[in-house]
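Raw input-v8.cif, mmCIF, N, CA and C atoms:
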```cif
data_upload
#
loop_
_atom_site.label_atom_id
_atom_site.label_comp_id
_atom_site.auth_asym_id
_atom_site.auth_seq_id
_atom_site.Cartn_x
_atom_site.Cartn_y
_atom_site.Cartn_z
N MET B 1 0.58 3.97 -34.78
CA MET B 1 -0.46 2.96 -34.98
C MET B 1 -1.56 3.15 -33.95
N ALA B 2 -2.78 3.10 -34.37
CA ALA B 2 -3.92 3.31 -33.49
C ALA B 2 -4.34 2.01 -32.82
N LEU B 3 -4.95 2.14 -31.66
CA LEU B 3 -5.51 1.00 -30.96
C LEU B 3 -6.92 0.78 -31.49
N LEU B 4 -7.15 -0.40 -32.07
CA LEU B 4 -8.40 -0.71 -32.76
C LEU B 4 -8.93 -2.07 -32.36
N GLY B 5 -10.21 -2.29 -32.60
CA GLY B 5 -10.80 -3.62 -32.47
C GLY B 5 -11.55 -3.85 -31.18
N THR B 6 -12.21 -5.01 -31.15
CA THR B 6 -12.97 -5.46 -29.99
C THR B 6 -12.53 -6.88 -29.67
N TYR B 7 -12.27 -7.13 -28.39
CA TYR B 7 -11.76 -8.42 -27.95
C TYR B 7 -12.50 -8.83 -26.68
N ASN B 8 -12.87 -10.10 -26.61
CA ASN B 8 -13.53 -10.63 -25.42
C ASN B 8 -12.52 -11.45 -24.63
N HIS B 9 -12.32 -11.08 -23.37
CA HIS B 9 -11.38 -11.78 -22.50
C HIS B 9 -12.01 -11.99 -21.13
N THR B 10 -11.26 -12.66 -20.26
CA THR B 10 -11.74 -12.99 -18.93
C THR B 10 -10.68 -12.66 -17.90
N LEU B 11 -11.11 -12.10 -16.76
CA LEU B 11 -10.20 -11.89 -15.64
C LEU B 11 -9.89 -13.22 -14.99
N ASP B 12 -8.65 -13.38 -14.52
CA ASP B 12 -8.36 -14.57 -13.74
C ASP B 12 -8.77 -14.32 -12.29
N ASP B 13 -8.55 -15.31 -11.43
CA ASP B 13 -9.00 -15.20 -10.04
C ASP B 13 -8.29 -14.11 -9.25
N LYS B 14 -7.15 -13.63 -9.75
CA LYS B 14 -6.40 -12.57 -9.07
C LYS B 14 -6.67 -11.19 -9.66
N GLY B 15 -7.65 -11.09 -10.56
CA GLY B 15 -8.00 -9.80 -11.16
C GLY B 15 -7.05 -9.38 -12.26
N ARG B 16 -6.37 -10.34 -12.88
CA ARG B 16 -5.45 -10.03 -13.98
C ARG B 16 -6.14 -10.27 -15.32
N LEU B 17 -5.84 -9.40 -16.26
CA LEU B 17 -6.44 -9.45 -17.58
C LEU B 17 -5.35 -9.53 -18.63
N THR B 18 -5.45 -10.51 -19.51
CA THR B 18 -4.52 -10.62 -20.62
C THR B 18 -4.91 -9.63 -21.71
N ILE B 19 -3.97 -8.81 -22.10
CA ILE B 19 -4.17 -7.86 -23.20
C ILE B 19 -3.61 -8.50 -24.46
N PRO B 20 -4.37 -8.54 -25.54
CA PRO B 20 -3.88 -9.16 -26.77
C PRO B 20 -2.53 -8.58 -27.20
N SER B 21 -1.65 -9.44 -27.69
CA SER B 21 -0.29 -9.02 -28.05
C SER B 21 -0.30 -7.90 -29.08
N LYS B 22 -1.25 -7.93 -30.00
CA LYS B 22 -1.37 -6.88 -31.01
C LYS B 22 -1.54 -5.50 -30.36
N LEU B 23 -2.26 -5.44 -29.25
CA LEU B 23 -2.48 -4.18 -28.54
C LEU B 23 -1.30 -3.84 -27.63
N ARG B 24 -0.67 -4.85 -27.06
CA ARG B 24 0.47 -4.60 -26.15
C ARG B 24 1.62 -3.91 -26.86
N GLU B 25 1.70 -4.05 -28.18
CA GLU B 25 2.78 -3.42 -28.95
C GLU B 25 2.79 -1.91 -28.79
N GLN B 26 1.66 -1.32 -28.44
CA GLN B 26 1.57 0.14 -28.27
C GLN B 26 2.12 0.62 -26.93
N PHE B 27 2.50 -0.31 -26.08
CA PHE B 27 3.02 0.01 -24.76
C PHE B 27 4.51 -0.30 -24.76
N LYS B 28 5.27 0.53 -25.46
CA LYS B 28 6.69 0.28 -25.74
C LYS B 28 7.54 0.08 -24.50
N ASP B 29 7.35 0.90 -23.50
CA ASP B 29 8.19 0.79 -22.30
C ASP B 29 7.57 -0.11 -21.24
N ASN B 30 6.49 -0.83 -21.60
CA ASN B 30 5.83 -1.79 -20.72
C ASN B 30 5.03 -1.12 -19.59
N LYS B 31 5.04 0.22 -19.54
CA LYS B 31 4.26 0.93 -18.51
C LYS B 31 2.82 1.06 -18.96
N VAL B 32 1.93 0.86 -17.99
CA VAL B 32 0.50 0.90 -18.26
C VAL B 32 -0.15 1.78 -17.20
N PHE B 33 -1.00 2.70 -17.64
CA PHE B 33 -1.73 3.57 -16.73
C PHE B 33 -3.21 3.23 -16.87
N ILE B 34 -3.80 2.83 -15.76
CA ILE B 34 -5.18 2.37 -15.72
C ILE B 34 -5.98 3.39 -14.91
N SER B 35 -7.12 3.83 -15.47
CA SER B 35 -7.91 4.83 -14.75
C SER B 35 -9.40 4.65 -15.05
N LEU B 36 -10.20 5.26 -14.20
CA LEU B 36 -11.64 5.28 -14.44
C LEU B 36 -11.90 6.07 -15.71
N GLY B 37 -12.70 5.50 -16.59
CA GLY B 37 -13.04 6.17 -17.84
C GLY B 37 -14.45 6.73 -17.79
N PHE B 38 -14.90 7.23 -18.91
CA PHE B 38 -16.25 7.77 -19.03
C PHE B 38 -17.23 6.66 -19.37
N ASP B 39 -18.49 6.86 -19.04
CA ASP B 39 -19.60 6.01 -19.45
C ASP B 39 -19.56 4.60 -18.89
N GLY B 40 -18.79 4.36 -17.83
CA GLY B 40 -18.80 3.05 -17.19
C GLY B 40 -17.71 2.10 -17.63
N CYS B 41 -16.57 2.63 -18.02
CA CYS B 41 -15.47 1.76 -18.44
C CYS B 41 -14.19 2.13 -17.70
N ILE B 42 -13.16 1.32 -17.93
CA ILE B 42 -11.82 1.59 -17.43
C ILE B 42 -10.96 1.94 -18.64
N ASP B 43 -10.16 3.00 -18.51
CA ASP B 43 -9.23 3.40 -19.57
C ASP B 43 -7.85 2.83 -19.30
N VAL B 44 -7.16 2.45 -20.37
CA VAL B 44 -5.79 1.95 -20.28
C VAL B 44 -4.96 2.72 -21.30
N ARG B 45 -3.91 3.39 -20.81
CA ARG B 45 -3.08 4.23 -21.68
C ARG B 45 -1.61 3.89 -21.51
N ASN B 46 -0.85 4.16 -22.57
CA ASN B 46 0.61 4.08 -22.44
C ASN B 46 1.10 5.38 -21.79
N LYS B 47 2.38 5.44 -21.50
CA LYS B 47 2.93 6.58 -20.78
C LYS B 47 2.72 7.90 -21.54
N GLU B 48 2.97 7.87 -22.84
CA GLU B 48 2.82 9.09 -23.65
C GLU B 48 1.38 9.61 -23.62
N GLU B 49 0.42 8.72 -23.82
CA GLU B 49 -0.99 9.14 -23.84
C GLU B 49 -1.47 9.53 -22.44
N TRP B 50 -0.94 8.87 -21.41
CA TRP B 50 -1.29 9.23 -20.04
C TRP B 50 -0.85 10.66 -19.74
N THR B 51 0.37 11.00 -20.17
CA THR B 51 0.88 12.35 -19.95
C THR B 51 -0.01 13.38 -20.66
N LYS B 52 -0.39 13.10 -21.90
CA LYS B 52 -1.29 14.01 -22.62
C LYS B 52 -2.62 14.16 -21.89
N TRP B 53 -3.17 13.04 -21.44
CA TRP B 53 -4.47 13.03 -20.78
C TRP B 53 -4.43 13.82 -19.48
N THR B 54 -3.43 13.58 -18.65
CA THR B 54 -3.36 14.27 -17.36
C THR B 54 -3.05 15.76 -17.55
N THR B 55 -2.35 16.11 -18.62
CA THR B 55 -2.12 17.53 -18.92
C THR B 55 -3.45 18.21 -19.26
N LYS B 56 -4.30 17.52 -20.03
CA LYS B 56 -5.63 18.07 -20.34
C LYS B 56 -6.46 18.22 -19.08
N ILE B 57 -6.40 17.22 -18.22
CA ILE B 57 -7.18 17.28 -16.97
C ILE B 57 -6.69 18.45 -16.13
N SER B 58 -5.38 18.62 -16.03
CA SER B 58 -4.83 19.73 -15.25
C SER B 58 -5.26 21.07 -15.80
N SER B 59 -5.43 21.15 -17.11
CA SER B 59 -5.80 22.42 -17.72
C SER B 59 -7.24 22.83 -17.42
N THR B 60 -8.05 21.88 -16.90
CA THR B 60 -9.42 22.24 -16.54
C THR B 60 -9.42 23.16 -15.34
N GLY B 61 -8.34 23.14 -14.59
CA GLY B 61 -8.18 24.08 -13.48
C GLY B 61 -8.85 23.64 -12.20
N GLN B 62 -8.33 24.16 -11.13
CA GLN B 62 -8.86 23.88 -9.80
C GLN B 62 -9.87 24.95 -9.36
N ALA B 63 -10.09 25.94 -10.19
CA ALA B 63 -10.96 27.05 -9.80
C ALA B 63 -12.44 26.71 -9.92
N THR B 64 -12.77 25.64 -10.64
CA THR B 64 -14.18 25.28 -10.79
C THR B 64 -14.45 23.94 -10.11
N ALA B 65 -15.68 23.76 -9.68
CA ALA B 65 -16.07 22.50 -9.06
C ALA B 65 -15.93 21.34 -10.05
N GLU B 66 -16.26 21.59 -11.32
CA GLU B 66 -16.16 20.54 -12.34
C GLU B 66 -14.71 20.13 -12.57
N GLY B 67 -13.81 21.10 -12.63
CA GLY B 67 -12.39 20.80 -12.82
C GLY B 67 -11.82 20.00 -11.67
N ARG B 68 -12.16 20.40 -10.45
CA ARG B 68 -11.69 19.66 -9.27
C ARG B 68 -12.26 18.25 -9.25
N ALA B 69 -13.54 18.12 -9.58
CA ALA B 69 -14.19 16.81 -9.56
C ALA B 69 -13.55 15.87 -10.59
N LEU B 70 -13.32 16.36 -11.79
CA LEU B 70 -12.70 15.53 -12.82
C LEU B 70 -11.31 15.08 -12.38
N ALA B 71 -10.50 16.00 -11.92
CA ALA B 71 -9.15 15.65 -11.47
C ALA B 71 -9.20 14.64 -10.34
N ARG B 72 -10.04 14.86 -9.36
CA ARG B 72 -10.12 13.94 -8.22
C ARG B 72 -10.59 12.56 -8.62
N LYS B 73 -11.62 12.51 -9.45
CA LYS B 73 -12.15 11.19 -9.84
C LYS B 73 -11.14 10.41 -10.67
N VAL B 74 -10.52 11.07 -11.62
CA VAL B 74 -9.55 10.35 -12.47
C VAL B 74 -8.32 9.95 -11.66
N MET B 75 -7.72 10.90 -10.96
CA MET B 75 -6.46 10.62 -10.28
C MET B 75 -6.62 9.66 -9.10
N SER B 76 -7.72 9.75 -8.37
CA SER B 76 -7.90 8.85 -7.23
C SER B 76 -8.26 7.44 -7.67
N MET B 77 -8.72 7.29 -8.90
CA MET B 77 -9.10 5.97 -9.41
C MET B 77 -8.13 5.54 -10.51
N SER B 78 -6.85 5.83 -10.32
CA SER B 78 -5.83 5.49 -11.32
C SER B 78 -4.73 4.66 -10.70
N ASP B 79 -4.02 3.94 -11.57
CA ASP B 79 -2.93 3.09 -11.12
C ASP B 79 -1.90 3.00 -12.23
N GLU B 80 -0.64 2.89 -11.84
CA GLU B 80 0.45 2.64 -12.79
C GLU B 80 0.93 1.22 -12.56
N THR B 81 1.06 0.47 -13.63
CA THR B 81 1.51 -0.92 -13.52
C THR B 81 2.32 -1.30 -14.75
N THR B 82 2.70 -2.55 -14.84
CA THR B 82 3.40 -3.08 -16.01
C THR B 82 2.76 -4.41 -16.39
N PHE B 83 3.05 -4.86 -17.59
CA PHE B 83 2.60 -6.18 -18.02
C PHE B 83 3.45 -7.22 -17.32
N ASP B 84 2.84 -8.32 -16.90
CA ASP B 84 3.64 -9.42 -16.38
C ASP B 84 4.15 -10.25 -17.57
N ASN B 85 4.87 -11.32 -17.29
CA ASN B 85 5.47 -12.13 -18.37
C ASN B 85 4.43 -12.77 -19.29
N ALA B 86 3.20 -12.90 -18.81
CA ALA B 86 2.13 -13.49 -19.61
C ALA B 86 1.30 -12.44 -20.35
N GLY B 87 1.72 -11.16 -20.28
CA GLY B 87 0.99 -10.10 -20.97
C GLY B 87 -0.27 -9.66 -20.26
N ARG B 88 -0.29 -9.84 -18.93
CA ARG B 88 -1.47 -9.48 -18.15
C ARG B 88 -1.21 -8.20 -17.36
N ILE B 89 -2.33 -7.49 -17.10
CA ILE B 89 -2.29 -6.35 -16.18
C ILE B 89 -3.26 -6.65 -15.05
N LYS B 90 -2.97 -6.10 -13.89
CA LYS B 90 -3.81 -6.29 -12.71
C LYS B 90 -4.76 -5.12 -12.58
N LEU B 91 -6.05 -5.43 -12.46
CA LEU B 91 -7.07 -4.40 -12.25
C LEU B 91 -7.40 -4.35 -10.77
N SER B 92 -7.42 -3.16 -10.21
CA SER B 92 -7.75 -3.03 -8.80
C SER B 92 -9.21 -3.42 -8.56
N SER B 93 -9.46 -3.95 -7.40
CA SER B 93 -10.83 -4.34 -7.05
C SER B 93 -11.74 -3.11 -7.00
N ILE B 94 -11.17 -1.95 -6.64
CA ILE B 94 -11.96 -0.71 -6.60
C ILE B 94 -12.48 -0.35 -7.99
N LEU B 95 -11.59 -0.40 -9.00
CA LEU B 95 -12.02 -0.09 -10.36
C LEU B 95 -12.99 -1.16 -10.89
N GLN B 96 -12.70 -2.41 -10.61
CA GLN B 96 -13.59 -3.49 -11.06
C GLN B 96 -15.00 -3.27 -10.53
N GLU B 97 -15.08 -2.95 -9.25
CA GLU B 97 -16.37 -2.73 -8.62
C GLU B 97 -17.07 -1.49 -9.20
N LYS B 98 -16.31 -0.43 -9.42
CA LYS B 98 -16.87 0.83 -9.90
C LYS B 98 -17.53 0.66 -11.28
N VAL B 99 -16.97 -0.19 -12.13
CA VAL B 99 -17.50 -0.36 -13.49
C VAL B 99 -18.19 -1.71 -13.69
N GLN B 100 -18.40 -2.42 -12.60
CA GLN B 100 -19.17 -3.67 -12.60
C GLN B 100 -18.50 -4.82 -13.35
N ILE B 101 -17.17 -4.79 -13.47
CA ILE B 101 -16.48 -5.91 -14.11
C ILE B 101 -16.27 -7.00 -13.06
N VAL B 102 -16.79 -8.19 -13.34
CA VAL B 102 -16.67 -9.30 -12.41
C VAL B 102 -15.74 -10.36 -12.99
N LYS B 103 -16.02 -10.85 -14.18
CA LYS B 103 -15.22 -11.92 -14.78
C LYS B 103 -14.92 -11.63 -16.27
N ASP B 104 -15.98 -11.47 -17.05
CA ASP B 104 -15.82 -11.25 -18.49
C ASP B 104 -15.55 -9.77 -18.76
N VAL B 105 -14.70 -9.53 -19.75
CA VAL B 105 -14.30 -8.16 -20.09
C VAL B 105 -14.30 -8.00 -21.60
N VAL B 106 -14.89 -6.90 -22.07
CA VAL B 106 -14.77 -6.51 -23.47
C VAL B 106 -13.68 -5.45 -23.52
N ILE B 107 -12.65 -5.70 -24.33
CA ILE B 107 -11.56 -4.75 -24.53
C ILE B 107 -11.80 -4.10 -25.88
N ILE B 108 -11.89 -2.77 -25.90
CA ILE B 108 -12.02 -2.10 -27.19
C ILE B 108 -10.86 -1.13 -27.38
N GLY B 109 -10.40 -1.04 -28.60
CA GLY B 109 -9.42 -0.03 -28.95
C GLY B 109 -10.16 1.25 -29.28
N ASN B 110 -9.75 2.35 -28.66
CA ASN B 110 -10.39 3.64 -28.93
C ASN B 110 -9.31 4.65 -29.32
N ASN B 111 -8.62 4.33 -30.40
CA ASN B 111 -7.61 5.17 -31.02
C ASN B 111 -6.36 5.33 -30.16
N ASP B 112 -6.40 6.19 -29.14
CA ASP B 112 -5.20 6.46 -28.35
C ASP B 112 -5.18 5.74 -27.01
N HIS B 113 -6.25 4.99 -26.70
CA HIS B 113 -6.30 4.24 -25.45
C HIS B 113 -7.21 3.02 -25.61
N LEU B 114 -7.11 2.11 -24.65
CA LEU B 114 -8.01 0.97 -24.59
C LEU B 114 -9.11 1.28 -23.59
N GLU B 115 -10.26 0.65 -23.79
CA GLU B 115 -11.33 0.73 -22.81
C GLU B 115 -11.71 -0.69 -22.43
N LEU B 116 -11.94 -0.90 -21.14
CA LEU B 116 -12.34 -2.19 -20.61
C LEU B 116 -13.76 -2.07 -20.08
N TRP B 117 -14.64 -2.94 -20.56
CA TRP B 117 -16.06 -2.86 -20.24
C TRP B 117 -16.58 -4.20 -19.73
N ASP B 118 -17.53 -4.15 -18.81
CA ASP B 118 -18.35 -5.32 -18.52
C ASP B 118 -19.21 -5.55 -19.77
N PRO B 119 -19.34 -6.78 -20.25
CA PRO B 119 -20.10 -7.01 -21.49
C PRO B 119 -21.52 -6.46 -21.47
N ALA B 120 -22.24 -6.60 -20.37
CA ALA B 120 -23.62 -6.10 -20.32
C ALA B 120 -23.64 -4.57 -20.37
N VAL B 121 -22.71 -3.94 -19.67
CA VAL B 121 -22.64 -2.47 -19.68
C VAL B 121 -22.26 -1.99 -21.08
N TRP B 122 -21.30 -2.66 -21.73
CA TRP B 122 -20.90 -2.30 -23.08
C TRP B 122 -22.08 -2.42 -24.04
N ASN B 123 -22.80 -3.53 -23.99
CA ASN B 123 -23.92 -3.73 -24.90
C ASN B 123 -25.02 -2.70 -24.66
N GLN B 124 -25.28 -2.38 -23.42
CA GLN B 124 -26.28 -1.35 -23.11
C GLN B 124 -25.82 0.01 -23.64
N TYR B 125 -24.55 0.32 -23.45
CA TYR B 125 -24.02 1.60 -23.94
C TYR B 125 -24.12 1.66 -25.47
N ILE B 126 -23.60 0.66 -26.16
CA ILE B 126 -23.53 0.70 -27.62
C ILE B 126 -24.93 0.67 -28.24
N ASP B 127 -25.86 -0.05 -27.60
CA ASP B 127 -27.24 -0.07 -28.11
C ASP B 127 -27.93 1.27 -27.93
N GLY B 128 -27.56 2.03 -26.89
CA GLY B 128 -28.19 3.32 -26.63
C GLY B 128 -27.47 4.50 -27.24
N ALA B 129 -26.28 4.27 -27.80
CA ALA B 129 -25.50 5.36 -28.39
C ALA B 129 -26.17 5.85 -29.67
N PRO B 130 -25.98 7.12 -30.01
CA PRO B 130 -26.55 7.62 -31.26
C PRO B 130 -26.04 6.83 -32.47
N ALA B 131 -26.87 6.72 -33.48
CA ALA B 131 -26.44 6.08 -34.72
C ALA B 131 -25.24 6.84 -35.27
N MET B 132 -24.36 6.14 -35.96
CA MET B 132 -23.16 6.79 -36.50
C MET B 132 -23.51 7.99 -37.35
N GLU B 133 -24.55 7.86 -38.16
CA GLU B 133 -24.94 8.95 -39.05
C GLU B 133 -25.39 10.18 -38.25
N ASP B 134 -26.13 9.94 -37.17
CA ASP B 134 -26.59 11.05 -36.34
C ASP B 134 -25.41 11.71 -35.62
N ALA B 135 -24.52 10.88 -35.10
CA ALA B 135 -23.34 11.43 -34.41
C ALA B 135 -22.46 12.21 -35.37
N ALA B 136 -22.34 11.73 -36.60
CA ALA B 136 -21.46 12.37 -37.58
C ALA B 136 -21.99 13.73 -38.07
N LYS B 137 -23.27 13.98 -37.92
CA LYS B 137 -23.85 15.25 -38.36
C LYS B 137 -23.14 16.43 -37.72
N ASN B 138 -22.77 16.30 -36.46
CA ASN B 138 -22.11 17.38 -35.75
C ASN B 138 -20.71 17.65 -36.26
N PHE B 139 -20.16 16.70 -36.98
CA PHE B 139 -18.78 16.82 -37.44
C PHE B 139 -18.68 16.80 -38.97
N GLU B 140 -19.79 17.01 -39.62
CA GLU B 140 -19.89 16.86 -41.07
C GLU B 140 -18.78 17.55 -41.83
N GLU B 141 -18.49 18.80 -41.46
CA GLU B 141 -17.47 19.53 -42.20
C GLU B 141 -16.06 19.04 -41.88
N LYS B 142 -15.90 18.27 -40.82
CA LYS B 142 -14.57 17.77 -40.45
C LYS B 142 -14.27 16.37 -40.94
N ILE B 143 -15.33 15.63 -41.32
CA ILE B 143 -15.14 14.22 -41.73
C ILE B 143 -14.96 14.15 -43.23
#
```
Go ahead and express the file in the form of structure tokens.
Amino acid sequence: MALLGTYNHTLDDKGRLTIPSKLREQFKDNKVFISLGFDGCIDVRNKEEWTKWTTKISSTGQATAEGRALARKVMSMSDETTFDNAGRIKLSSILQEKVQIVKDVVIIGNNDHLELWDPAVWNQYIDGAPAMEDAAKNFEEKI
């Protein structure tokens, strides 16, 4: 089952975020991997997807500056946690600050992972993103 949809939630005073129960079902063993994502968001993955992601990052290699930078940025800005009894995860203050999340959070399902966005950053990103038709042109033969 894919992670889908858009949800508006709020961080509590301790930096905890409730993940909708429909989305929590994808985290079978209750383990959650939180990391800096692309374009100003935080990524949230289950153990299986985290392993796939870090394997891809490792394959970029340490021989290039770009490969080292990607590995360092992702791994140094990552955390492993679990859901508490209320279905919440704790976001580190470092990640919150890095992506400008203060109180309100937009949670989006992006197929194999969740993304957490500050609402203003999300709206700016989505408004500036290429139109679906323009983006799909590059993948025409695959869609």
Taking only residues of range 88-127 of chain B that have an atom at most 5 Å from an atom of range 42-46 of chain B, what is each one's shortest atom pair and its distance in Å to one decimal, using all atoms listed in the file, in chain and number order, as CSV?
```
residue,atom,partner,partner_atom,distance
B:His113,CA,B:Val44,C,4.6
B:Leu114,C,B:Val44,N,3.9
B:Glu115,CA,B:Ile42,C,4.4
B:Leu116,N,B:Ile42,C,3.9
```
Check: From the list B:Ser92, B:Gln26, B:Ser59, B:Gln124, which residue is nearest Met77 in chain B when using only C-alpha atoms?
Finding: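 Among the listed residues, the smallest separation from Met77 in chain B belongs to B:Ser92.
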Note to self: Please determine, counting only C-alpha atoms, which residue among B:Gln62, B:Thr82, B:Gln96, B:Asn138 has the shortest atom-to-atom distance to Asp118 in chain B.
What the structure shows: B:Gln96
Notebook entry, point to check: Restricting the calculation to only C-alpha atoms, which member of B:Ala65, B:Ala136, B:Val32, B:Val74 is positioned closest to Lys47 in chain B?
Noted result: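 Looking only at the distances to Lys47 in chain B, the closest residue turns out to be B:Val32.
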Check: Residues of chain B in strand (DSSP E or B) according to DSSP, as an MDAnalysis selection string?
Finding: chainID B and resid 3 6:10 16:18 31:36 42:45 78:82 88:90 104:111 113:117
Note to self: List the spatial neighbours of Ser78 in chain B as a PyMOL selection string - criterion: any atom at most 8 Å away, only N, CA and C atoms, same-chain residues fewer than 3 positions off excluded.
What the structure shows: chain B and resi 33-36+72-75+81+95
Note to self: Distance cut-off 7 Å, centre (-18.7, 1.6, -9.5) in file coordinates, counting only N, CA and C atoms: which residues qualify? Return them as a PyMOL selection string.
What the structure shows: chain B and resi 94-100
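Of note, CA of Trp117 in chain B and CA of Leu91 in chain B are spaced 12.1 Å apart.
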Next item on the list: List the residues matched by the PyMOL selection byres (((chain B and resi 21 and name CA) around 12) and name CA) in the displayed structure as a list in words, ordered by chain and then by residue number.
Entry: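 Answer for the PyMOL selection byres (((chain B and resi 21 and name CA) around 12) and name CA): Leu3, Tyr7, Thr18, Ile19, Pro20, Lys22, Leu23, Arg24, Glu25, Gln26, Phe27, Lys28, Asn30, Phe83, Asn85, Ala86, Gly87 and Arg88 of chain B.
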Complete the atom set of range 22-40 of chain B to N, CA, C and O atoms and return it as a PDB file, in the coordinates of the input.
```
ATOM      1  N   LYS B  22      -1.250  -7.930 -30.000  1.00  0.00           N
ATOM      2  CA  LYS B  22      -1.370  -6.880 -31.010  1.00  0.00           C
ATOM      3  C   LYS B  22      -1.540  -5.500 -30.360  1.00  0.00           C
ATOM      4  O   LYS B  22      -1.019  -4.496 -30.850  1.00  0.00           O
ATOM      5  N   LEU B  23      -2.260  -5.440 -29.250  1.00  0.00           N
ATOM      6  CA  LEU B  23      -2.480  -4.180 -28.540  1.00  0.00           C
ATOM      7  C   LEU B  23      -1.300  -3.840 -27.630  1.00  0.00           C
ATOM      8  O   LEU B  23      -0.975  -2.666 -27.458  1.00  0.00           O
ATOM      9  N   ARG B  24      -0.670  -4.850 -27.060  1.00  0.00           N
ATOM     10  CA  ARG B  24       0.470  -4.600 -26.150  1.00  0.00           C
ATOM     11  C   ARG B  24       1.620  -3.910 -26.860  1.00  0.00           C
ATOM     12  O   ARG B  24       2.409  -3.214 -26.231  1.00  0.00           O
ATOM     13  N   GLU B  25       1.700  -4.050 -28.180  1.00  0.00           N
ATOM     14  CA  GLU B  25       2.780  -3.420 -28.950  1.00  0.00           C
ATOM     15  C   GLU B  25       2.790  -1.910 -28.790  1.00  0.00           C
ATOM     16  O   GLU B  25       3.820  -1.270 -28.968  1.00  0.00           O
ATOM     17  N   GLN B  26       1.660  -1.320 -28.440  1.00  0.00           N
ATOM     18  CA  GLN B  26       1.570   0.140 -28.270  1.00  0.00           C
ATOM     19  C   GLN B  26       2.120   0.620 -26.930  1.00  0.00           C
ATOM     20  O   GLN B  26       2.190   1.815 -26.680  1.00  0.00           O
ATOM     21  N   PHE B  27       2.500  -0.310 -26.080  1.00  0.00           N
ATOM     22  CA  PHE B  27       3.020   0.010 -24.760  1.00  0.00           C
ATOM     23  C   PHE B  27       4.510  -0.300 -24.760  1.00  0.00           C
ATOM     24  O   PHE B  27       4.973  -1.261 -24.152  1.00  0.00           O
ATOM     25  N   LYS B  28       5.270   0.530 -25.460  1.00  0.00           N
ATOM     26  CA  LYS B  28       6.690   0.280 -25.740  1.00  0.00           C
ATOM     27  C   LYS B  28       7.540   0.080 -24.500  1.00  0.00           C
ATOM     28  O   LYS B  28       8.380  -0.783 -24.454  1.00  0.00           O
ATOM     29  N   ASP B  29       7.350   0.900 -23.500  1.00  0.00           N
ATOM     30  CA  ASP B  29       8.190   0.790 -22.300  1.00  0.00           C
ATOM     31  C   ASP B  29       7.570  -0.110 -21.240  1.00  0.00           C
ATOM     32  O   ASP B  29       8.039  -0.152 -20.108  1.00  0.00           O
ATOM     33  N   ASN B  30       6.490  -0.830 -21.600  1.00  0.00           N
ATOM     34  CA  ASN B  30       5.830  -1.790 -20.720  1.00  0.00           C
ATOM     35  C   ASN B  30       5.030  -1.120 -19.590  1.00  0.00           C
ATOM     36  O   ASN B  30       4.451  -1.787 -18.766  1.00  0.00           O
ATOM     37  N   LYS B  31       5.040   0.220 -19.540  1.00  0.00           N
ATOM     38  CA  LYS B  31       4.260   0.930 -18.510  1.00  0.00           C
ATOM     39  C   LYS B  31       2.820   1.060 -18.960  1.00  0.00           C
ATOM     40  O   LYS B  31       2.543   1.362 -20.117  1.00  0.00           O
ATOM     41  N   VAL B  32       1.930   0.860 -17.990  1.00  0.00           N
ATOM     42  CA  VAL B  32       0.500   0.900 -18.260  1.00  0.00           C
ATOM     43  C   VAL B  32      -0.150   1.780 -17.200  1.00  0.00           C
ATOM     44  O   VAL B  32       0.118   1.619 -16.011  1.00  0.00           O
ATOM     45  N   PHE B  33      -1.000   2.700 -17.640  1.00  0.00           N
ATOM     46  CA  PHE B  33      -1.730   3.570 -16.730  1.00  0.00           C
ATOM     47  C   PHE B  33      -3.210   3.230 -16.870  1.00  0.00           C
ATOM     48  O   PHE B  33      -3.778   3.331 -17.949  1.00  0.00           O
ATOM     49  N   ILE B  34      -3.800   2.830 -15.760  1.00  0.00           N
ATOM     50  CA  ILE B  34      -5.180   2.370 -15.720  1.00  0.00           C
ATOM     51  C   ILE B  34      -5.980   3.390 -14.910  1.00  0.00           C
ATOM     52  O   ILE B  34      -5.568   3.778 -13.818  1.00  0.00           O
ATOM     53  N   SER B  35      -7.120   3.830 -15.470  1.00  0.00           N
ATOM     54  CA  SER B  35      -7.910   4.830 -14.750  1.00  0.00           C
ATOM     55  C   SER B  35      -9.400   4.650 -15.050  1.00  0.00           C
ATOM     56  O   SER B  35      -9.779   3.993 -16.013  1.00  0.00           O
ATOM     57  N   LEU B  36     -10.200   5.260 -14.200  1.00  0.00           N
ATOM     58  CA  LEU B  36     -11.640   5.280 -14.440  1.00  0.00           C
ATOM     59  C   LEU B  36     -11.900   6.070 -15.710  1.00  0.00           C
ATOM     60  O   LEU B  36     -11.349   7.155 -15.901  1.00  0.00           O
ATOM     61  N   GLY B  37     -12.700   5.500 -16.590  1.00  0.00           N
ATOM     62  CA  GLY B  37     -13.040   6.170 -17.840  1.00  0.00           C
ATOM     63  C   GLY B  37     -14.450   6.730 -17.790  1.00  0.00           C
ATOM     64  O   GLY B  37     -15.133   6.697 -16.761  1.00  0.00           O
ATOM     65  N   PHE B  38     -14.900   7.230 -18.910  1.00  0.00           N
ATOM     66  CA  PHE B  38     -16.250   7.770 -19.030  1.00  0.00           C
ATOM     67  C   PHE B  38     -17.230   6.660 -19.370  1.00  0.00           C
ATOM     68  O   PHE B  38     -16.861   5.637 -19.947  1.00  0.00           O
ATOM     69  N   ASP B  39     -18.490   6.860 -19.040  1.00  0.00           N
ATOM     70  CA  ASP B  39     -19.600   6.010 -19.450  1.00  0.00           C
ATOM     71  C   ASP B  39     -19.560   4.600 -18.890  1.00  0.00           C
ATOM     72  O   ASP B  39     -20.189   3.699 -19.441  1.00  0.00           O
ATOM     73  N   GLY B  40     -18.790   4.360 -17.830  1.00  0.00           N
ATOM     74  CA  GLY B  40     -18.800   3.050 -17.190  1.00  0.00           C
ATOM     75  C   GLY B  40     -17.710   2.100 -17.630  1.00  0.00           C
ATOM     76  O   GLY B  40     -17.909   0.885 -17.613  1.00  0.00           O
TER      77      GLY B  40
END
```
